[in-house]
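Coordinates as given in entry31.csv (CSV, C-alpha atoms):
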```
chain,number,residue,atom,x,y,z
A,23,MET,CA,-7.9,-96.9,-21.9
A,24,ASP,CA,-9.5,-94.6,-19.4
A,25,GLU,CA,-9.6,-90.7,-19.2
A,26,PHE,CA,-6.5,-90.4,-17.0
A,27,ASN,CA,-4.4,-92.8,-19.1
A,28,LEU,CA,-5.5,-90.8,-22.2
A,29,ILE,CA,-4.3,-87.5,-20.7
A,30,GLN,CA,-1.0,-89.1,-19.6
A,31,LYS,CA,-0.2,-90.7,-22.9
A,32,TYR,CA,-1.2,-88.0,-25.4
A,33,PHE,CA,-1.3,-84.6,-23.5
A,34,THR,CA,1.3,-84.7,-20.8
A,35,TRP,CA,4.4,-83.1,-22.4
A,36,ASN,CA,7.9,-83.0,-21.0
A,37,LYS,CA,10.2,-80.1,-20.6
A,38,THR,CA,8.0,-77.8,-18.6
A,39,PRO,CA,9.1,-74.1,-19.1
A,40,ARG,CA,10.3,-72.1,-16.2
A,41,ASP,CA,7.3,-69.8,-16.1
A,42,VAL,CA,5.0,-72.8,-15.4
A,43,VAL,CA,4.9,-73.7,-11.7
A,44,THR,CA,2.4,-76.5,-12.1
A,45,ALA,CA,0.8,-77.9,-15.2
A,46,VAL,CA,-1.1,-81.1,-16.2
A,47,GLY,CA,-1.8,-83.2,-13.1
A,48,ASP,CA,-3.0,-80.7,-10.6
A,49,ASP,CA,-6.5,-79.2,-10.1
A,50,ALA,CA,-5.3,-76.0,-11.8
A,51,ALA,CA,-2.2,-74.7,-13.5
A,52,VAL,CA,0.0,-72.1,-11.9
A,53,ILE,CA,2.0,-69.7,-14.1
A,54,GLU,CA,4.2,-66.7,-13.6
A,55,ILE,CA,3.6,-63.5,-15.5
A,56,PRO,CA,6.8,-61.6,-16.4
A,57,PRO,CA,7.1,-58.1,-15.0
A,58,ASN,CA,5.9,-55.2,-17.1
A,59,LYS,CA,3.7,-57.6,-19.1
A,60,GLN,CA,-0.1,-58.0,-19.5
A,61,LEU,CA,-1.9,-61.3,-19.9
A,62,VAL,CA,-3.7,-61.7,-23.2
A,63,THR,CA,-6.2,-64.6,-23.5
A,64,SER,CA,-8.6,-66.0,-26.1
A,65,ILE,CA,-10.7,-69.1,-26.5
A,66,ASP,CA,-12.2,-70.8,-29.5
A,67,THR,CA,-14.3,-74.0,-29.9
A,68,LEU,CA,-14.1,-76.1,-33.0
A,69,VAL,CA,-17.1,-78.4,-33.7
A,70,SER,CA,-16.9,-81.3,-36.2
A,71,GLY,CA,-18.9,-80.6,-39.4
A,72,VAL,CA,-19.0,-76.8,-38.5
A,73,HIS,CA,-15.5,-75.7,-38.3
A,74,PHE,CA,-13.9,-78.5,-40.1
A,75,PRO,CA,-15.2,-81.2,-42.5
A,76,GLU,CA,-15.8,-84.6,-40.7
A,77,ASN,CA,-13.2,-86.3,-42.8
A,78,THR,CA,-10.4,-83.9,-41.9
A,79,PRO,CA,-7.2,-85.7,-40.9
A,80,PRO,CA,-6.7,-85.6,-37.1
A,81,ASP,CA,-3.3,-84.0,-37.3
A,82,ALA,CA,-4.8,-81.1,-39.3
A,83,ILE,CA,-7.6,-80.8,-36.6
A,84,GLY,CA,-5.0,-80.6,-33.9
A,85,HIS,CA,-3.0,-78.0,-35.8
A,86,LYS,CA,-6.1,-75.8,-36.7
A,87,ALA,CA,-7.5,-75.9,-33.2
A,88,LEU,CA,-4.4,-74.2,-31.8
A,89,ALA,CA,-3.7,-72.1,-34.9
A,90,VAL,CA,-7.0,-70.2,-34.8
A,91,ASN,CA,-6.3,-69.2,-31.2
A,92,LEU,CA,-2.7,-68.2,-31.9
A,93,SER,CA,-4.0,-66.1,-34.7
A,94,ASP,CA,-6.1,-64.1,-32.1
A,95,LEU,CA,-2.9,-63.5,-30.1
A,96,ALA,CA,-1.1,-62.3,-33.3
A,97,ALA,CA,-3.9,-59.8,-33.9
A,98,MET,CA,-3.3,-58.4,-30.4
A,99,GLY,CA,0.5,-58.2,-30.9
A,100,ALA,CA,1.0,-60.7,-28.1
A,101,SER,CA,3.5,-63.5,-27.8
A,102,PRO,CA,2.0,-67.0,-27.1
A,103,ARG,CA,3.0,-68.8,-23.9
A,104,TRP,CA,0.4,-71.3,-22.6
A,105,PHE,CA,-2.9,-73.0,-23.5
A,106,THR,CA,-5.5,-75.3,-22.1
A,107,LEU,CA,-7.4,-78.0,-24.0
A,108,ALA,CA,-11.0,-79.2,-23.5
A,109,LEU,CA,-11.5,-82.2,-25.7
A,110,THR,CA,-14.9,-84.0,-26.2
A,111,LEU,CA,-14.7,-87.4,-27.9
A,112,PRO,CA,-17.4,-89.8,-29.0
A,113,GLU,CA,-15.1,-92.6,-28.2
A,114,ILE,CA,-11.4,-93.4,-27.6
A,115,ASP,CA,-9.7,-93.9,-31.0
A,116,GLU,CA,-6.0,-94.2,-30.3
A,117,THR,CA,-5.1,-93.7,-34.0
A,118,TRP,CA,-7.1,-90.5,-34.1
A,119,LEU,CA,-5.6,-89.3,-30.8
A,120,GLU,CA,-2.1,-90.0,-31.9
A,121,GLY,CA,-2.5,-87.8,-35.0
A,122,PHE,CA,-4.4,-85.1,-33.2
A,123,SER,CA,-1.9,-84.9,-30.4
A,124,ALA,CA,1.0,-84.8,-32.9
A,125,GLY,CA,-0.5,-82.0,-35.0
A,126,LEU,CA,-1.3,-80.0,-31.8
A,127,LYS,CA,2.2,-80.5,-30.3
A,128,GLU,CA,4.1,-79.7,-33.4
A,129,LEU,CA,2.5,-76.3,-33.8
A,130,ALA,CA,2.8,-75.6,-30.1
A,131,GLN,CA,6.5,-76.3,-30.2
A,132,GLN,CA,7.0,-74.0,-33.2
A,133,HIS,CA,5.7,-71.1,-31.1
A,134,ASP,CA,7.0,-72.1,-27.6
A,135,CYS,CA,3.4,-72.4,-26.4
A,136,PHE,CA,2.9,-75.0,-23.6
A,137,LEU,CA,-0.1,-77.1,-22.8
A,138,ILE,CA,-0.8,-76.6,-19.1
A,139,GLY,CA,-4.1,-78.4,-18.5
A,140,GLY,CA,-7.7,-79.0,-19.6
A,141,ASP,CA,-10.4,-81.6,-19.6
A,142,THR,CA,-11.7,-84.6,-21.5
A,143,THR,CA,-15.3,-85.7,-21.8
A,144,ARG,CA,-17.5,-88.1,-23.9
A,145,GLY,CA,-19.8,-86.6,-26.5
A,146,PRO,CA,-19.9,-85.3,-30.1
A,147,LEU,CA,-16.4,-84.3,-31.3
A,148,SER,CA,-15.5,-80.8,-30.3
A,149,ILE,CA,-12.3,-79.0,-29.3
A,150,SER,CA,-12.0,-75.9,-27.1
A,151,ILE,CA,-8.6,-74.3,-26.6
A,152,GLN,CA,-7.9,-71.3,-24.4
A,153,VAL,CA,-4.6,-69.7,-25.3
A,154,MET,CA,-2.7,-67.2,-23.2
A,155,GLY,CA,0.2,-64.9,-24.1
A,156,VAL,CA,1.9,-61.7,-22.9
A,157,VAL,CA,2.3,-58.2,-24.3
A,158,ASP,CA,4.2,-55.2,-23.1
A,159,THR,CA,2.0,-53.2,-20.7
A,160,GLY,CA,-0.3,-50.8,-22.6
A,161,LYS,CA,0.9,-52.1,-26.0
A,162,ALA,CA,-1.8,-54.5,-27.1
A,163,LEU,CA,-3.3,-53.8,-30.5
A,164,LEU,CA,-6.9,-52.9,-30.3
A,165,ARG,CA,-9.7,-52.5,-32.8
A,166,SER,CA,-10.6,-49.0,-31.7
A,167,ASP,CA,-7.7,-46.8,-32.8
A,168,ALA,CA,-8.0,-46.5,-36.6
A,169,ARG,CA,-8.0,-42.9,-37.9
A,170,VAL,CA,-9.0,-41.3,-41.1
A,171,GLY,CA,-6.1,-41.6,-43.6
A,172,ASP,CA,-4.7,-44.8,-42.1
A,173,LYS,CA,-3.8,-47.3,-44.9
A,174,ILE,CA,-5.5,-50.8,-44.7
A,175,TYR,CA,-3.1,-53.7,-45.1
A,176,VAL,CA,-3.5,-57.5,-45.1
A,177,THR,CA,-1.0,-60.3,-44.8
A,178,GLY,CA,-0.7,-63.3,-47.1
A,179,THR,CA,-3.5,-64.1,-49.6
A,180,LEU,CA,-7.2,-64.1,-49.3
A,181,GLY,CA,-9.9,-66.6,-50.4
A,182,ASP,CA,-7.7,-69.8,-50.4
A,183,ALA,CA,-9.5,-71.4,-47.5
A,184,ALA,CA,-12.9,-70.8,-48.9
A,185,ALA,CA,-11.8,-72.2,-52.3
A,186,GLY,CA,-10.4,-75.2,-50.4
A,187,LEU,CA,-13.7,-75.8,-48.7
A,188,GLN,CA,-15.5,-75.6,-52.0
A,189,SER,CA,-13.1,-78.1,-53.5
A,190,ILE,CA,-13.8,-80.6,-50.6
A,191,PHE,CA,-17.5,-80.2,-51.0
A,192,SER,CA,-17.3,-80.6,-54.8
A,193,LYS,CA,-15.2,-83.7,-54.4
A,194,ASP,CA,-17.7,-85.2,-51.9
A,195,ASN,CA,-20.6,-84.4,-54.1
A,196,SER,CA,-19.2,-85.5,-57.5
A,197,SER,CA,-18.2,-88.8,-59.0
A,198,ASN,CA,-14.6,-90.0,-59.1
A,199,LYS,CA,-14.9,-89.9,-62.9
A,200,ASN,CA,-15.5,-86.1,-62.8
A,201,ASN,CA,-12.6,-85.7,-60.3
A,202,ASN,CA,-10.2,-87.5,-62.6
A,203,LYS,CA,-10.9,-84.9,-65.3
A,204,LYS,CA,-9.1,-82.3,-63.4
A,205,SER,CA,-5.7,-81.3,-64.7
A,206,VAL,CA,-2.5,-81.8,-62.7
A,207,LEU,CA,-2.4,-78.0,-62.1
A,208,GLU,CA,-6.0,-78.0,-60.8
A,209,LYS,CA,-5.2,-81.0,-58.5
A,210,GLU,CA,-2.2,-79.2,-57.1
A,211,ALA,CA,-4.2,-76.0,-56.6
A,212,ASP,CA,-6.8,-78.2,-54.7
A,213,LYS,CA,-4.1,-79.3,-52.3
A,214,VAL,CA,-2.7,-75.8,-51.7
A,215,CYS,CA,-6.2,-74.3,-50.9
A,216,GLN,CA,-7.2,-77.3,-48.8
A,217,LYS,CA,-4.0,-76.9,-46.8
A,218,HIS,CA,-4.9,-73.2,-46.2
A,219,LEU,CA,-8.2,-74.4,-44.9
A,220,ASN,CA,-7.1,-77.3,-42.7
A,221,MET,CA,-3.7,-76.0,-41.5
A,222,PRO,CA,-3.7,-72.2,-41.4
A,223,THR,CA,-0.5,-70.4,-40.5
A,224,PRO,CA,-0.9,-68.1,-37.4
A,225,ARG,CA,0.9,-64.9,-38.4
A,226,ILE,CA,3.0,-64.6,-35.2
A,227,VAL,CA,6.2,-63.7,-37.2
A,228,GLU,CA,4.3,-60.9,-39.1
A,229,SER,CA,2.7,-59.7,-35.9
A,230,ASN,CA,6.1,-59.1,-34.3
A,231,ILE,CA,6.7,-56.5,-37.1
A,232,ILE,CA,3.2,-55.1,-37.4
A,233,LYS,CA,2.8,-54.4,-33.7
A,234,HIS,CA,5.4,-51.6,-33.8
A,235,PHE,CA,3.6,-49.7,-36.6
A,236,ALA,CA,-0.1,-50.6,-36.7
A,237,SER,CA,-2.9,-48.5,-35.1
A,238,THR,CA,-5.4,-51.5,-35.2
A,239,CYS,CA,-5.4,-55.1,-36.1
A,240,ILE,CA,-7.8,-58.1,-36.3
A,241,ASP,CA,-7.5,-61.6,-37.8
A,242,VAL,CA,-9.6,-62.6,-40.8
A,243,SER,CA,-11.7,-65.5,-39.6
A,244,ASP,CA,-15.2,-64.7,-40.8
A,245,GLY,CA,-14.5,-62.8,-44.0
A,246,LEU,CA,-12.5,-59.7,-44.7
A,247,LEU,CA,-15.5,-57.4,-45.0
A,248,GLN,CA,-17.1,-58.6,-41.8
A,249,ASP,CA,-13.9,-58.4,-39.8
A,250,LEU,CA,-13.0,-55.0,-41.2
A,251,THR,CA,-16.5,-53.8,-40.1
A,252,HIS,CA,-15.5,-54.7,-36.5
A,253,ILE,CA,-12.6,-52.2,-36.7
A,254,LEU,CA,-14.7,-49.5,-38.3
A,255,GLU,CA,-17.5,-49.8,-35.7
A,256,ALA,CA,-15.0,-49.8,-32.8
A,257,SER,CA,-13.1,-46.8,-34.3
A,258,GLY,CA,-16.0,-44.8,-35.6
A,259,VAL,CA,-14.7,-44.6,-39.1
A,260,ALA,CA,-15.5,-46.0,-42.6
A,261,ALA,CA,-13.3,-47.5,-45.3
A,262,GLU,CA,-12.6,-47.6,-49.0
A,263,LEU,CA,-11.2,-50.8,-50.5
A,264,ASP,CA,-9.5,-51.3,-53.9
A,265,SER,CA,-10.8,-54.7,-55.0
A,266,THR,CA,-8.2,-54.8,-57.7
A,267,GLN,CA,-5.5,-54.9,-55.1
A,268,LEU,CA,-6.8,-57.9,-53.1
A,269,PRO,CA,-4.0,-60.5,-52.8
A,270,LEU,CA,-5.1,-63.6,-54.7
A,271,SER,CA,-3.0,-66.7,-55.0
A,272,SER,CA,-2.3,-68.5,-58.2
A,273,ALA,CA,-3.9,-71.6,-56.7
A,274,LEU,CA,-7.1,-69.7,-56.1
A,275,MET,CA,-7.1,-68.3,-59.7
A,276,THR,CA,-6.5,-71.8,-61.0
A,277,LEU,CA,-9.6,-73.1,-59.3
A,278,VAL,CA,-11.7,-70.0,-59.8
A,279,THR,CA,-11.1,-68.3,-63.1
A,280,ASP,CA,-13.9,-65.8,-62.8
A,281,ASN,CA,-12.6,-62.6,-61.2
A,282,THR,CA,-16.0,-61.7,-59.7
A,283,GLU,CA,-16.2,-65.1,-57.8
A,284,ALA,CA,-12.5,-64.8,-56.7
A,285,THR,CA,-13.2,-61.3,-55.3
A,286,GLN,CA,-16.3,-62.6,-53.5
A,287,LEU,CA,-14.3,-65.4,-51.9
A,288,ALA,CA,-11.5,-63.0,-50.9
A,289,LEU,CA,-13.9,-60.6,-49.3
A,290,THR,CA,-16.3,-63.0,-47.5
A,291,GLY,CA,-14.8,-66.5,-47.5
A,292,GLY,CA,-13.5,-66.7,-44.0
A,293,ASP,CA,-11.0,-69.1,-42.4
A,294,ASP,CA,-8.1,-67.3,-43.9
A,295,TYR,CA,-6.6,-66.3,-40.5
A,296,GLU,CA,-4.5,-63.5,-42.1
A,297,LEU,CA,-4.0,-60.3,-40.2
A,298,LEU,CA,-6.0,-57.2,-41.3
A,299,PHE,CA,-4.5,-54.0,-39.9
A,300,THR,CA,-4.2,-50.3,-40.3
A,301,ILE,CA,-1.0,-48.2,-40.6
A,302,PRO,CA,-1.0,-44.4,-40.0
A,303,GLU,CA,0.4,-42.5,-43.0
A,304,SER,CA,3.2,-41.1,-40.8
A,305,ARG,CA,4.5,-44.7,-40.2
A,306,GLU,CA,3.8,-46.2,-43.6
A,307,ALA,CA,7.2,-45.5,-45.2
A,308,ASN,CA,9.1,-47.0,-42.3
A,309,PHE,CA,6.8,-50.0,-42.1
A,310,VAL,CA,7.2,-50.8,-45.8
A,311,GLY,CA,11.0,-50.5,-45.5
A,312,ILE,CA,11.1,-52.8,-42.5
A,313,VAL,CA,8.6,-55.4,-43.7
A,314,LYS,CA,10.0,-55.7,-47.2
A,315,GLY,CA,11.5,-59.2,-47.8
A,316,LYS,CA,10.4,-60.4,-44.3
A,317,ALA,CA,6.6,-60.8,-44.8
A,318,LYS,CA,4.0,-60.6,-47.6
A,319,VAL,CA,1.7,-57.7,-46.9
A,320,THR,CA,-0.6,-55.8,-49.3
A,321,CYS,CA,-2.2,-52.3,-49.1
A,322,ILE,CA,-5.8,-52.8,-50.1
A,323,GLY,CA,-7.5,-49.5,-49.0
A,324,VAL,CA,-7.7,-46.5,-46.8
A,325,ILE,CA,-9.7,-45.5,-43.7
A,326,THR,CA,-12.2,-42.7,-44.5
A,327,ASP,CA,-14.6,-40.6,-42.5
A,328,ILE,CA,-18.1,-41.8,-41.8
A,329,THR,CA,-21.1,-40.4,-43.7
A,330,GLU,CA,-24.6,-40.2,-42.2
A,331,ASN,CA,-23.3,-42.2,-39.2
A,332,GLN,CA,-22.6,-45.2,-41.3
A,333,ASN,CA,-19.5,-47.4,-41.0
A,334,THR,CA,-19.6,-48.2,-44.7
A,335,ILE,CA,-17.1,-50.1,-46.8
A,336,THR,CA,-17.0,-48.9,-50.4
A,337,ASP,CA,-15.0,-50.2,-53.4
A,338,GLU,CA,-13.0,-48.1,-55.8
A,339,ASN,CA,-16.1,-47.3,-57.7
A,340,GLY,CA,-18.1,-46.1,-54.7
A,341,ASN,CA,-20.3,-49.2,-54.4
A,342,ILE,CA,-21.2,-49.9,-50.8
A,343,LEU,CA,-20.0,-53.5,-50.5
A,344,THR,CA,-21.7,-54.3,-47.1
A,345,ASN,CA,-25.1,-53.6,-48.6
A,346,ILE,CA,-24.7,-56.5,-51.2
A,347,ASP,CA,-26.0,-59.8,-50.0
A,348,LYS,CA,-23.3,-61.9,-51.6
A,349,TYR,CA,-20.7,-60.0,-49.6
A,350,LYS,CA,-22.1,-60.9,-46.2
A,351,GLY,CA,-19.6,-62.7,-44.0
A,352,TYR,CA,-20.0,-65.8,-41.8
A,353,ASN,CA,-22.3,-65.7,-38.8
A,354,HIS,CA,-23.1,-68.8,-36.7
A,355,PHE,CA,-26.6,-67.5,-35.9
A,356,HIS,CA,-27.4,-65.6,-39.1
A,357,VAL,CA,-31.1,-65.7,-39.9
```

Would you mind writing the file out in structure tokens?
Amino acid sequence: MDEFNLIQKYFTWNKTPRDVVTAVGDDAAVIEIPPNKQLVTSIDTLVSGVHFPENTPPDAIGHKALAVNLSDLAAMGASPRWFTLALTLPEIDETWLEGFSAGLKELAQQHDCFLIGGDTTRGPLSISIQVMGVVDTGKALLRSDARVGDKIYVTGTLGDAAAGLQSIFSKDNSSNKNNNKKSVLEKEADKVCQKHLNMPTPRIVESNIIKHFASTCIDVSDGLLQDLTHILEASGVAAELDSTQLPLSSALMTLVTDNTEATQLALTGGDDYELLFTIPESREANFVGIVKGKAKVTCIGVITDITENQNTITDENGNILTNIDKYKGYNHFHV
């Protein structure tokens, strides 16, 4: 199988939407932007052994590659429409390609997001996806509009993906005998947390509610503290978090019974792809009334004024969390 047959078999999808003039098969795609909308675009690259363990199932890799990009659109309050795929493969493995394509396509169809082009090359396994969506003109959620008094909210639960990664590494580094000692409950918790890691849920549904109330929003990819700091720096504010209110799943607490470790995973673990956002006090009551029963959201703190020009994050006891080494988030080039 050559490159062109590979594209035709696994990445040429039928039922082209009306807003796509040309897609896979031409030198470039042509799309139509609806009136009174702005284009929102984001790109992420996933590298084997860095963004996913090397033994990750191919359907999960396909799912995650698109999910992390859709999460960026959700953070901007945008609706996904199209994406491109640049796929680098060490060799053509049709079993792997079939699983990867199936995972990618299933998630794309869930969110009406259409593959319109890309590239395939030979080399170490990596996947780059550029996703595009639309938002009402002037309505994109930015990081720079948080104000003192805004409440800090997060969707879903935190720390599950980090616990899932720990579980995978623990399994890889331990004997089958030790693995067999786990209880049924622990094994089920392993599966739940590993699914959070390998197949995150882009919070598009939640975004469609949040965008009408939030002042700022970001997705939690590198750890809650690090991503919250991006909002604080862009907005010129600080924050106080209540660590006792962090949403922790029963699966996480089954695997990590120590509250201090669970808190650390929730604050710094990364790969959660939940939405972290701020709600002005004047809109909070309406937001809570609308979101109740439709999405899981938790208030975990409040935006405060800066002191001594520092965008600090303190806990409920006044401790500055970002000064504590164990609470540093993920950084590819951290020294």

| query | From the set A:Ala162, A:Ser272, A:Ser123, A:Gly99, which residue has the shortest atom-to-atom contact distance to Gln30 (chain A), counting only C-alpha atoms? | reply | A:Ser123

| Contacts of region 326-336 of chain A at 7 Å (only C-alpha atoms; same-chain gap of 6+ positions) as a PyMOL selection string | chain A and resi 170-171+254-255+258-263+342-344

Can you write just those residues out, C-alpha atoms, as a short mmCIF file (atom, residue, chain, number, x, y, z; two decimals), in the frame of the given file?
```cif
data_model
loop_
_atom_site.label_atom_id
_atom_site.label_comp_id
_atom_site.auth_asym_id
_atom_site.auth_seq_id
_atom_site.Cartn_x
_atom_site.Cartn_y
_atom_site.Cartn_z
CA VAL A 170 -9.00 -41.30 -41.10
CA GLY A 171 -6.10 -41.60 -43.60
CA LEU A 254 -14.70 -49.50 -38.30
CA GLU A 255 -17.50 -49.80 -35.70
CA GLY A 258 -16.00 -44.80 -35.60
CA VAL A 259 -14.70 -44.60 -39.10
CA ALA A 260 -15.50 -46.00 -42.60
CA ALA A 261 -13.30 -47.50 -45.30
CA GLU A 262 -12.60 -47.60 -49.00
CA LEU A 263 -11.20 -50.80 -50.50
CA ILE A 342 -21.20 -49.90 -50.80
CA LEU A 343 -20.00 -53.50 -50.50
CA THR A 344 -21.70 -54.30 -47.10
#
```

| Quick one, how far is CA of Ile312 (chain A) from CA of Pro102 (chain A)? | 22.8 Å

Please write as a short mmCIF file (atom, residue, chain, number, x, y, z; two decimals) with C-alpha atoms, in the frame of the given file the list of polymer residues whose atoms come within 6 Å of (-5.5, -45.7, -42.4), counting only C-alpha atoms and keeping to the coordinates of the file.
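Output (selection-v4.cif):
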```cif
data_model
loop_
_atom_site.label_atom_id
_atom_site.label_comp_id
_atom_site.auth_asym_id
_atom_site.auth_seq_id
_atom_site.Cartn_x
_atom_site.Cartn_y
_atom_site.Cartn_z
CA ARG A 169 -8.00 -42.90 -37.90
CA VAL A 170 -9.00 -41.30 -41.10
CA GLY A 171 -6.10 -41.60 -43.60
CA ASP A 172 -4.70 -44.80 -42.10
CA LYS A 173 -3.80 -47.30 -44.90
CA ILE A 174 -5.50 -50.80 -44.70
CA THR A 300 -4.20 -50.30 -40.30
CA ILE A 301 -1.00 -48.20 -40.60
CA PRO A 302 -1.00 -44.40 -40.00
CA VAL A 324 -7.70 -46.50 -46.80
CA ILE A 325 -9.70 -45.50 -43.70
#
```

Closest pair table for region 245-343 of chain A residues within 12 Å of region 202-224 of chain A, all atoms listed in the file, as JSON lines:
```
{"residue": "A:Leu270", "atom": "CA", "partner": "A:Cys215", "partner_atom": "CA", "distance": 11.4}
{"residue": "A:Ser271", "atom": "CA", "partner": "A:Cys215", "partner_atom": "CA", "distance": 9.2}
{"residue": "A:Ser272", "atom": "CA", "partner": "A:Ala211", "partner_atom": "CA", "distance": 7.9}
{"residue": "A:Ala273", "atom": "CA", "partner": "A:Ala211", "partner_atom": "CA", "distance": 4.4}
{"residue": "A:Leu274", "atom": "CA", "partner": "A:Ala211", "partner_atom": "CA", "distance": 7.0}
{"residue": "A:Met275", "atom": "CA", "partner": "A:Ala211", "partner_atom": "CA", "distance": 8.8}
{"residue": "A:Thr276", "atom": "CA", "partner": "A:Glu208", "partner_atom": "CA", "distance": 6.2}
{"residue": "A:Leu277", "atom": "CA", "partner": "A:Glu208", "partner_atom": "CA", "distance": 6.3}
{"residue": "A:Val278", "atom": "CA", "partner": "A:Glu208", "partner_atom": "CA", "distance": 9.9}
{"residue": "A:Thr279", "atom": "CA", "partner": "A:Glu208", "partner_atom": "CA", "distance": 11.2}
{"residue": "A:Gly291", "atom": "CA", "partner": "A:Leu219", "partner_atom": "CA", "distance": 10.6}
{"residue": "A:Gly292", "atom": "CA", "partner": "A:Leu219", "partner_atom": "CA", "distance": 9.4}
{"residue": "A:Asp293", "atom": "CA", "partner": "A:Leu219", "partner_atom": "CA", "distance": 6.5}
{"residue": "A:Asp294", "atom": "CA", "partner": "A:Pro222", "partner_atom": "CA", "distance": 7.0}
{"residue": "A:Tyr295", "atom": "CA", "partner": "A:Pro222", "partner_atom": "CA", "distance": 6.6}
{"residue": "A:Glu296", "atom": "CA", "partner": "A:Pro224", "partner_atom": "CA", "distance": 7.5}
{"residue": "A:Leu297", "atom": "CA", "partner": "A:Pro224", "partner_atom": "CA", "distance": 8.8}
```

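Each of A:Gln248, A:Asn58, A:Asn77, A:Gln267 was compared to Thr320 (chain A) using only C-alpha atoms, and A:Gln267 turns out to be the nearest.
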
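Minimum atom-to-atom distances from A:Val46, A:Leu126, A:Leu68, A:Ala100 to Gly84 (chain A) were compared using all atoms listed in the file, and the lowest value belongs to A:Leu126.
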
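Take the candidates A:Ser64, A:Ser265, A:Ser304, A:Thr285 and check each one against Asn339 (chain A) using only C-alpha atoms; the shortest distance goes to A:Ser265.
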
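Distance-wise, CA of Thr67 (chain A) and CA of Ile232 (chain A) end up 26.8 Å apart.
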
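The two atoms in question, CA of Asn91 (chain A) and CA of Thr78 (chain A), are spaced 18.6 Å apart.
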
Any chance you could tabulate, as a tab-separated table, the residues of region 38-132 of chain A at most 7 Å from region 239-246 of chain A with each one's nearest atom pair and distance in Å to one decimal, using only C-alpha atoms, in chain and rising number order?
```
residue	atom	partner	partner_atom	distance
A:Ser93	CA	A:Asp241	CA	6.5
A:Asp94	CA	A:Asp241	CA	6.4
A:Ala97	CA	A:Ile240	CA	4.9
A:Met98	CA	A:Cys239	CA	6.9
```

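Of the listed residues (A:Ile149, A:Ile29, A:Phe74, A:Leu163), A:Phe74 comes nearest to Ala183 (chain A); the distances count only C-alpha atoms.
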